[in-house]
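Each remark here refers to the structure printed beneath this line.
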Amino acid sequence: MGSVLRHPDLIGRIIEYAQKTKIEFKVTGRSSSWRALGLPDLRGFCPQLRRVNLYKDQKNLKNLKNLETLCRKEIKKGEGAQGLWILHDVLHIAFYDFATLNLGLESWNEKERFLENHLASELFSVLALDYFFLIFTKTKGLAVDLDAKKWCQFQKANPFLPELGTFELCSALFELYFTGRSPLIYDQIISKDYQNWVGHEMRYAAKQRRYVLQWWDDLEENKESKKEALLVGSEVHHAVWELLSIFLEATQKDWKTYLKRVPQNANTFSKFKKYESQNEDLDFRFTDIQALERSEILKNLNKAKNPSPSSLFLFWQIISTFETKRFDRRTLGSLSKLAKASNENLPLKDLWNLVETTVKNAAKGPHFSSGPPDKSTLSTFFLP
């Protein structure tokens with residue numbers, strides 16, 4: 001099938017995509033300092049709004065020249081830090097745009113298309129930035145931990161492993177992301193490095209299949225199925241390959257022509273039930289507090305009396321609007337322990353009570369503000 005060549009300046013091309021297609025970069029009012037304590041990324045993810053959220057201490061990255069400079073510094077240092085994850089989000093938006101351009105806005109309200117489109121956006125982001133670019137640099141990857149120099153060793157371990165940069169590799173990862181099966185999974189592997197790499201990919205793919213179905217259920221106000229999406233027989237990897245070719249191989253003329261065709265939608269999720277109903281039972285894993293009035297936030301906070309995933313993310317969203325330096329060491333320790341315990345499925349009750357008191361006191365004080373309500377953020381995704 002041939003291979004897609006690495007674009008010599010993929011970073012510049014992604015930045016240009018964001019600029020020319022008018023992707024919005026929005027400062028959320030939340031602080032990145034909480035990441036050091038083990039809290040998840042609380043910028044919020046909303047490619048359906050053509051928006052990349054930033055922490056308040058990332059305000060300077062709204063200037064895309066600053067973002068580009070930061071990304072190039074991270075690559076030079078071999079870091080997979082904040083700037084490159086922002087580019088990962090831009091690539092998600094690029095595939096959302098591609099899906100809308102080719103399938104229409106109405107495709108997002110068809111369950112199978114929704115699941116396909118989102119999982120394909122994840123595949124596209126990881127292939128373009130990680131497999132076709134970062135693994136050849138000091139950074140090695142964001143969503144993967146892989147050095148391109150090990151690929152020949154991996155092919156000796158698994159004779160079915162495709163070449164880097166090929167449609168066959170795209171197809172193998174696609175099968176893993178969409179079905180959990182793939183020629184990458186090989187019973188006779190004796191290489192520990194290979195097993196670590198594929199094991200990580202299997203866990204990452206399973207997590208994405210679970211998350212996308214949870215997001216659909218929340219948008220449609222269904223009872224959570226607690227299952228993973230399973231998409232057998234999809235052909236969407238051809239669309240992923242086509243967009244990879246546009247980003248990585250298109251001439252400058254063809255690239256500029258494509259940029260002019262990109263749709264600039266306000267909200268591809270606007271027809272979902274969540275936007276049309278008056279449901280007050282919100283899941284804050286998929287809802288930004290910035291969608292609500294302060295009184296509504298406090299009302300939901302008063303209902304968060306027992307440990308639950310939704311209440312946990314409500315706590316995190318509220319507390320991250322404050323700087324960590326506002327709290328004493330003991331309080332910060334409790335918050336950090338709760339974040340760790342929730343990730344490891346440990347008992348939460350005692351820690352929960354301590355953190356609940358801290359968050360409620362902070363939210364009811366004069367310094368709490370989530371900003372002007374923005375209803376479009378009802379569909380923001382927060383799971384790690």
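Residues in the structure tokens are named by chain (A, B, ... in the order shown) and by number from 1 within that chain; ligands are numbered from 1 in the order shown.
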
(Q) Please list as an MDAnalysis selection string every residue within 12 Å of stretch 273-278 of chain A, counting only C-alpha atoms and excluding residues in the same chain fewer than 3 positions away. (A) chainID A and resid 109 215:222 267:270 281:283 286:287 291 374:380

Name the residues in contact with A:Gln317 at a cut-off of 9 Å, using only C-alpha atoms, excluding same-chain residues fewer than 6 positions from it; report them as a CSV table (one decimal) with all heavy atoms, in the first residue's frame.
```csv
chain,number,residue,atom,x,y,z
A,30,ARG,N,-8.9,27.4,35.3
A,30,ARG,CA,-8.4,26.4,36.1
A,30,ARG,C,-6.9,26.4,36.1
A,30,ARG,O,-6.3,26.8,35.1
A,30,ARG,CB,-9.0,25.0,35.8
A,30,ARG,CG,-10.4,24.9,36.0
A,30,ARG,CD,-11.0,23.5,35.7
A,30,ARG,NE,-11.3,23.4,34.3
A,30,ARG,CZ,-12.5,23.6,33.8
A,30,ARG,NH1,-13.5,24.0,34.6
A,30,ARG,NH2,-12.8,23.4,32.5
A,42,LEU,N,-7.5,18.8,33.8
A,42,LEU,CA,-8.8,19.5,34.0
A,42,LEU,C,-9.0,20.7,33.1
A,42,LEU,O,-9.9,21.5,33.3
A,42,LEU,CB,-8.9,20.0,35.5
A,42,LEU,CG,-9.0,18.8,36.5
A,42,LEU,CD1,-8.7,19.3,37.9
A,42,LEU,CD2,-10.4,18.2,36.4
A,284,PHE,N,-20.4,15.1,36.0
A,284,PHE,CA,-19.3,16.1,35.9
A,284,PHE,C,-18.1,15.5,35.3
A,284,PHE,O,-17.1,16.2,35.2
A,284,PHE,CB,-19.1,16.8,37.2
A,284,PHE,CG,-20.2,17.8,37.5
A,284,PHE,CD1,-21.3,17.4,38.3
A,284,PHE,CD2,-20.3,19.0,36.9
A,284,PHE,CE1,-22.4,18.2,38.5
A,284,PHE,CE2,-21.3,19.9,37.1
A,284,PHE,CZ,-22.4,19.5,37.9
A,288,ASP,N,-18.8,20.5,32.0
A,288,ASP,CA,-18.0,21.6,32.6
A,288,ASP,C,-18.8,22.5,33.5
A,288,ASP,O,-19.9,22.9,33.1
A,288,ASP,CB,-17.4,22.4,31.4
A,288,ASP,CG,-16.2,23.3,31.8
A,288,ASP,OD1,-16.2,23.8,33.0
A,288,ASP,OD2,-15.3,23.5,31.0
A,289,ILE,N,-18.3,22.7,34.7
A,289,ILE,CA,-19.0,23.6,35.6
A,289,ILE,C,-19.2,25.0,35.0
A,289,ILE,O,-20.1,25.8,35.4
A,289,ILE,CB,-18.4,23.8,37.0
A,289,ILE,CG1,-16.9,24.3,36.8
A,289,ILE,CG2,-18.4,22.4,37.7
A,289,ILE,CD1,-16.3,24.7,38.2
```

Please run DSSP on the backbone and report, as an mmCIF file with C-alpha atoms, in the first residue's frame, all residues within stretch 29-64 of chain A that come out as strand (DSSP E or B).
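Once written, part.cif looks like this:
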```cif
data_model
loop_
_atom_site.group_PDB
_atom_site.id
_atom_site.type_symbol
_atom_site.label_atom_id
_atom_site.label_comp_id
_atom_site.auth_asym_id
_atom_site.auth_seq_id
_atom_site.Cartn_x
_atom_site.Cartn_y
_atom_site.Cartn_z
ATOM 1 C CA PHE A 45 -11.756 18.212 26.025
ATOM 2 C CA CYS A 46 -14.317 19.520 23.506
ATOM 3 C CA ARG A 51 -12.087 24.537 20.859
ATOM 4 C CA VAL A 52 -8.905 23.745 22.757
ATOM 5 C CA ASN A 53 -9.093 24.557 26.448
ATOM 6 C CA LEU A 54 -6.113 26.014 28.297
#
```

List as JSON lines every residue of stretch 238-354 of chain A that is in contact with stretch 156-166 of chain A, defined as an atom at most 12 Å from one of its atoms (using only C-alpha atoms), together with the nearest atom pair and the distance in Å rounded to one decimal, sorted by chain and then rising number.
```
{"residue": "A:Trp241", "atom": "CA", "partner": "A:Thr166", "partner_atom": "CA", "distance": 9.1}
{"residue": "A:Leu244", "atom": "CA", "partner": "A:Gly165", "partner_atom": "CA", "distance": 10.0}
{"residue": "A:Ser245", "atom": "CA", "partner": "A:Gly165", "partner_atom": "CA", "distance": 10.5}
{"residue": "A:Leu248", "atom": "CA", "partner": "A:Gly165", "partner_atom": "CA", "distance": 10.4}
{"residue": "A:Glu249", "atom": "CA", "partner": "A:Gly165", "partner_atom": "CA", "distance": 11.7}
```

Q: For stretch 91-93 of chain A, list every protein, DNA or RNA residue within 8 Å, evaluated using only C-alpha atoms, and leave out those in the same chain fewer than 3 positions away; present the list as a PyMOL selection string.
A: chain A and resi 14+47-48+50-51+87-88+96-97+121-122+124-125

Q.
With only C-alpha atoms as the counted atoms, please give the residues lying no more than 7 Å from stretch 355-368 of chain A, apart from itself and same-chain residues fewer than 4 positions off, as a list of chain:residue names.
A. A:Phe315, A:Ile318, A:Ile319, A:Ser334, A:Leu335, A:Leu351

Q.
Here is a test: counting only C-alpha atoms, which residue of A:Cys170, A:Leu314, A:Ile11, A:Ala250 is nearest to A:Leu298?
A.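 Of A:Cys170, A:Leu314, A:Ile11, A:Ala250, the one nearest A:Leu298 is A:Leu314, counting only C-alpha atoms.
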
Q.
Can you measure atom CA of A:Ile185 to atom CA of A:Met202 for me? One decimal in Å is fine.
A.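 Computing it gives 8.7 Å between the two atoms.
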
Q. How far is it from atom CA of A:Ala18 to atom CA of A:Val90, in Å with one decimal?
A.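 Separation of atom CA of A:Ala18 and atom CA of A:Val90: 6.8 Å.
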
A:Lys150 surroundings by only C-alpha atoms, 12 Å radius, close-in-sequence under 3 positions cut, as an mmCIF file with all heavy atoms, in the first residue's frame:
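The resulting file, out_18.cif, is reproduced below:
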```cif
data_model
loop_
_atom_site.group_PDB
_atom_site.id
_atom_site.type_symbol
_atom_site.label_atom_id
_atom_site.label_comp_id
_atom_site.auth_asym_id
_atom_site.auth_seq_id
_atom_site.Cartn_x
_atom_site.Cartn_y
_atom_site.Cartn_z
ATOM 1 N N ILE A 135 8.063 9.620 17.587
ATOM 2 C CA ILE A 135 8.926 8.479 17.911
ATOM 3 C C ILE A 135 10.282 8.569 17.206
ATOM 4 O O ILE A 135 11.208 7.843 17.547
ATOM 5 C CB ILE A 135 8.253 7.129 17.581
ATOM 6 C CG1 ILE A 135 8.024 6.968 16.086
ATOM 7 C CG2 ILE A 135 6.978 6.950 18.360
ATOM 8 C CD1 ILE A 135 7.631 5.543 15.699
ATOM 9 N N PHE A 136 10.396 9.480 16.246
ATOM 10 C CA PHE A 136 11.683 9.714 15.572
ATOM 11 C C PHE A 136 12.482 10.831 16.244
ATOM 12 O O PHE A 136 13.554 11.186 15.788
ATOM 13 C CB PHE A 136 11.452 10.067 14.104
ATOM 14 C CG PHE A 136 10.788 8.973 13.320
ATOM 15 C CD1 PHE A 136 9.411 8.982 13.120
ATOM 16 C CD2 PHE A 136 11.521 7.919 12.789
ATOM 17 C CE1 PHE A 136 8.785 7.980 12.397
ATOM 18 C CE2 PHE A 136 10.903 6.916 12.060
ATOM 19 C CZ PHE A 136 9.532 6.939 11.872
ATOM 20 N N LYS A 140 9.826 10.697 21.790
ATOM 21 C CA LYS A 140 9.397 9.296 21.642
ATOM 22 C C LYS A 140 7.890 9.112 21.592
ATOM 23 O O LYS A 140 7.425 8.069 21.122
ATOM 24 C CB LYS A 140 9.966 8.396 22.764
ATOM 25 C CG LYS A 140 11.465 8.494 22.957
ATOM 26 C CD LYS A 140 12.217 8.243 21.661
ATOM 27 C CE LYS A 140 13.722 8.399 21.855
ATOM 28 N NZ LYS A 140 14.441 8.455 20.575
ATOM 29 N N ASP A 145 4.854 5.037 24.164
ATOM 30 C CA ASP A 145 6.241 5.148 24.623
ATOM 31 C C ASP A 145 7.065 4.229 23.734
ATOM 32 O O ASP A 145 7.188 3.042 23.991
ATOM 33 C CB ASP A 145 6.352 4.737 26.092
ATOM 34 C CG ASP A 145 7.769 4.906 26.632
ATOM 35 O OD1 ASP A 145 8.578 5.560 25.951
ATOM 36 O OD2 ASP A 145 8.065 4.387 27.717
ATOM 37 N N LEU A 146 7.605 4.811 22.678
ATOM 38 C CA LEU A 146 8.230 3.980 21.654
ATOM 39 C C LEU A 146 9.354 4.733 20.957
ATOM 40 O O LEU A 146 9.217 5.904 20.632
ATOM 41 C CB LEU A 146 7.163 3.574 20.623
ATOM 42 C CG LEU A 146 7.608 2.695 19.464
ATOM 43 C CD1 LEU A 146 8.067 1.336 19.966
ATOM 44 C CD2 LEU A 146 6.464 2.530 18.476
ATOM 45 N N ASP A 147 10.445 4.046 20.734
ATOM 46 C CA ASP A 147 11.575 4.584 19.987
ATOM 47 C C ASP A 147 11.598 3.892 18.624
ATOM 48 O O ASP A 147 11.613 2.662 18.540
ATOM 49 C CB ASP A 147 12.872 4.310 20.752
ATOM 50 C CG ASP A 147 14.078 4.985 20.125
ATOM 51 O OD1 ASP A 147 14.028 5.295 18.918
ATOM 52 O OD2 ASP A 147 15.070 5.185 20.840
ATOM 53 N N GLN A 153 13.811 -4.574 15.806
ATOM 54 C CA GLN A 153 13.821 -5.583 16.874
ATOM 55 C C GLN A 153 12.408 -6.135 17.079
ATOM 56 O O GLN A 153 12.212 -7.346 17.238
ATOM 57 C CB GLN A 153 14.327 -4.947 18.173
ATOM 58 C CG GLN A 153 14.167 -5.808 19.414
ATOM 59 C CD GLN A 153 14.325 -4.996 20.700
ATOM 60 O OE1 GLN A 153 15.091 -4.033 20.752
ATOM 61 N NE2 GLN A 153 13.570 -5.373 21.721
ATOM 62 N N PHE A 154 11.415 -5.251 17.041
ATOM 63 C CA PHE A 154 10.026 -5.669 17.220
ATOM 64 C C PHE A 154 9.566 -6.569 16.068
ATOM 65 O O PHE A 154 8.803 -7.508 16.271
ATOM 66 C CB PHE A 154 9.110 -4.452 17.319
ATOM 67 C CG PHE A 154 9.191 -3.708 18.626
ATOM 68 C CD1 PHE A 154 8.440 -2.560 18.829
ATOM 69 C CD2 PHE A 154 9.998 -4.149 19.654
ATOM 70 C CE1 PHE A 154 8.502 -1.872 20.035
ATOM 71 C CE2 PHE A 154 10.080 -3.469 20.857
ATOM 72 C CZ PHE A 154 9.324 -2.329 21.054
ATOM 73 N N GLN A 155 10.029 -6.263 14.851
ATOM 74 C CA GLN A 155 9.635 -7.087 13.703
ATOM 75 C C GLN A 155 10.241 -8.482 13.772
ATOM 76 O O GLN A 155 9.673 -9.437 13.240
ATOM 77 C CB GLN A 155 10.026 -6.378 12.404
ATOM 78 C CG GLN A 155 9.128 -5.182 12.094
ATOM 79 C CD GLN A 155 9.507 -4.496 10.805
ATOM 80 O OE1 GLN A 155 10.682 -4.177 10.572
ATOM 81 N NE2 GLN A 155 8.513 -4.254 9.957
ATOM 82 N N LYS A 156 11.369 -8.611 14.428
ATOM 83 C CA LYS A 156 11.948 -9.940 14.636
ATOM 84 C C LYS A 156 11.127 -10.719 15.659
ATOM 85 O O LYS A 156 10.983 -11.939 15.564
ATOM 86 C CB LYS A 156 13.400 -9.814 15.104
ATOM 87 C CG LYS A 156 14.349 -9.289 14.036
ATOM 88 C CD LYS A 156 15.764 -9.141 14.589
ATOM 89 C CE LYS A 156 16.704 -8.580 13.519
ATOM 90 N NZ LYS A 156 18.079 -8.376 14.070
ATOM 91 N N ALA A 157 10.582 -9.981 16.639
ATOM 92 C CA ALA A 157 9.762 -10.619 17.662
ATOM 93 C C ALA A 157 8.392 -11.018 17.123
ATOM 94 O O ALA A 157 7.833 -12.046 17.511
ATOM 95 C CB ALA A 157 9.601 -9.689 18.863
ATOM 96 N N GLU A 163 5.536 -2.394 8.521
ATOM 97 C CA GLU A 163 6.539 -1.337 8.531
ATOM 98 C C GLU A 163 5.944 -0.060 9.116
ATOM 99 O O GLU A 163 4.731 0.198 9.003
ATOM 100 C CB GLU A 163 7.028 -1.055 7.104
ATOM 101 C CG GLU A 163 7.785 -2.198 6.453
ATOM 102 C CD GLU A 163 9.164 -2.419 7.077
ATOM 103 O OE1 GLU A 163 9.673 -1.506 7.763
ATOM 104 O OE2 GLU A 163 9.725 -3.509 6.871
ATOM 105 N N LEU A 164 6.783 0.747 9.725
ATOM 106 C CA LEU A 164 6.359 2.064 10.193
ATOM 107 C C LEU A 164 5.885 2.912 9.007
ATOM 108 O O LEU A 164 6.436 2.818 7.906
ATOM 109 C CB LEU A 164 7.510 2.786 10.896
ATOM 110 C CG LEU A 164 7.760 2.428 12.364
ATOM 111 C CD1 LEU A 164 9.054 3.087 12.842
ATOM 112 C CD2 LEU A 164 6.599 2.854 13.244
ATOM 113 N N SER A 191 9.966 -10.761 23.404
ATOM 114 C CA SER A 191 10.606 -9.479 23.686
ATOM 115 C C SER A 191 9.819 -8.717 24.752
ATOM 116 O O SER A 191 8.636 -8.427 24.573
ATOM 117 C CB SER A 191 10.680 -8.639 22.403
ATOM 118 O OG SER A 191 10.975 -7.287 22.700
ATOM 119 N N LYS A 192 10.463 -8.410 25.868
ATOM 120 C CA LYS A 192 9.812 -7.661 26.949
ATOM 121 C C LYS A 192 9.439 -6.261 26.477
ATOM 122 O O LYS A 192 8.357 -5.748 26.809
ATOM 123 C CB LYS A 192 10.740 -7.583 28.162
ATOM 124 C CG LYS A 192 10.085 -6.913 29.360
ATOM 125 C CD LYS A 192 11.008 -6.920 30.573
ATOM 126 C CE LYS A 192 10.334 -6.243 31.762
ATOM 127 N NZ LYS A 192 11.227 -6.223 32.951
ATOM 128 N N ASP A 193 10.305 -5.619 25.699
ATOM 129 C CA ASP A 193 10.004 -4.277 25.190
ATOM 130 C C ASP A 193 8.764 -4.301 24.304
ATOM 131 O O ASP A 193 7.920 -3.404 24.375
ATOM 132 C CB ASP A 193 11.195 -3.729 24.387
ATOM 133 C CG ASP A 193 12.353 -3.312 25.277
ATOM 134 O OD1 ASP A 193 12.138 -3.132 26.490
ATOM 135 O OD2 ASP A 193 13.471 -3.169 24.753
ATOM 136 N N TYR A 194 8.669 -5.325 23.476
ATOM 137 C CA TYR A 194 7.497 -5.439 22.602
ATOM 138 C C TYR A 194 6.233 -5.639 23.437
ATOM 139 O O TYR A 194 5.206 -5.002 23.196
ATOM 140 C CB TYR A 194 7.663 -6.607 21.635
ATOM 141 C CG TYR A 194 6.571 -6.676 20.590
ATOM 142 C CD1 TYR A 194 6.764 -6.152 19.316
ATOM 143 C CD2 TYR A 194 5.330 -7.256 20.873
ATOM 144 C CE1 TYR A 194 5.760 -6.198 18.358
ATOM 145 C CE2 TYR A 194 4.322 -7.308 19.921
ATOM 146 C CZ TYR A 194 4.549 -6.775 18.667
ATOM 147 O OH TYR A 194 3.551 -6.812 17.733
ATOM 148 N N TRP A 197 5.162 -2.395 25.026
ATOM 149 C CA TRP A 197 4.560 -1.476 24.053
ATOM 150 C C TRP A 197 3.141 -1.901 23.693
ATOM 151 O O TRP A 197 2.199 -1.101 23.774
ATOM 152 C CB TRP A 197 5.437 -1.403 22.802
ATOM 153 C CG TRP A 197 4.745 -0.778 21.628
ATOM 154 C CD1 TRP A 197 4.278 0.506 21.541
ATOM 155 C CD2 TRP A 197 4.419 -1.416 20.383
ATOM 156 N NE1 TRP A 197 3.683 0.716 20.308
ATOM 157 C CE2 TRP A 197 3.753 -0.450 19.588
ATOM 158 C CE3 TRP A 197 4.627 -2.695 19.871
ATOM 159 C CZ2 TRP A 197 3.290 -0.741 18.301
ATOM 160 C CZ3 TRP A 197 4.182 -2.984 18.589
ATOM 161 C CH2 TRP A 197 3.513 -2.006 17.818
#
```

Q: For A:Leu10, please output as a PyMOL selection string all residues within 10 Å (counting only C-alpha atoms; exclusion window: fewer than 5 positions along the same chain).
A: chain A and resi 15-16+128-129+132-134+247-248

**Q.** Contacts of A:Leu176 at 12 Å (only C-alpha atoms; same-chain gap of 2+ positions) as a PyMOL selection string
**A.** chain A and resi 119-120+123+169-174+178-185+198-209+229-232+237

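Atom CA of A:Lys226 is positioned 16.0 Å from atom CA of A:Lys111.
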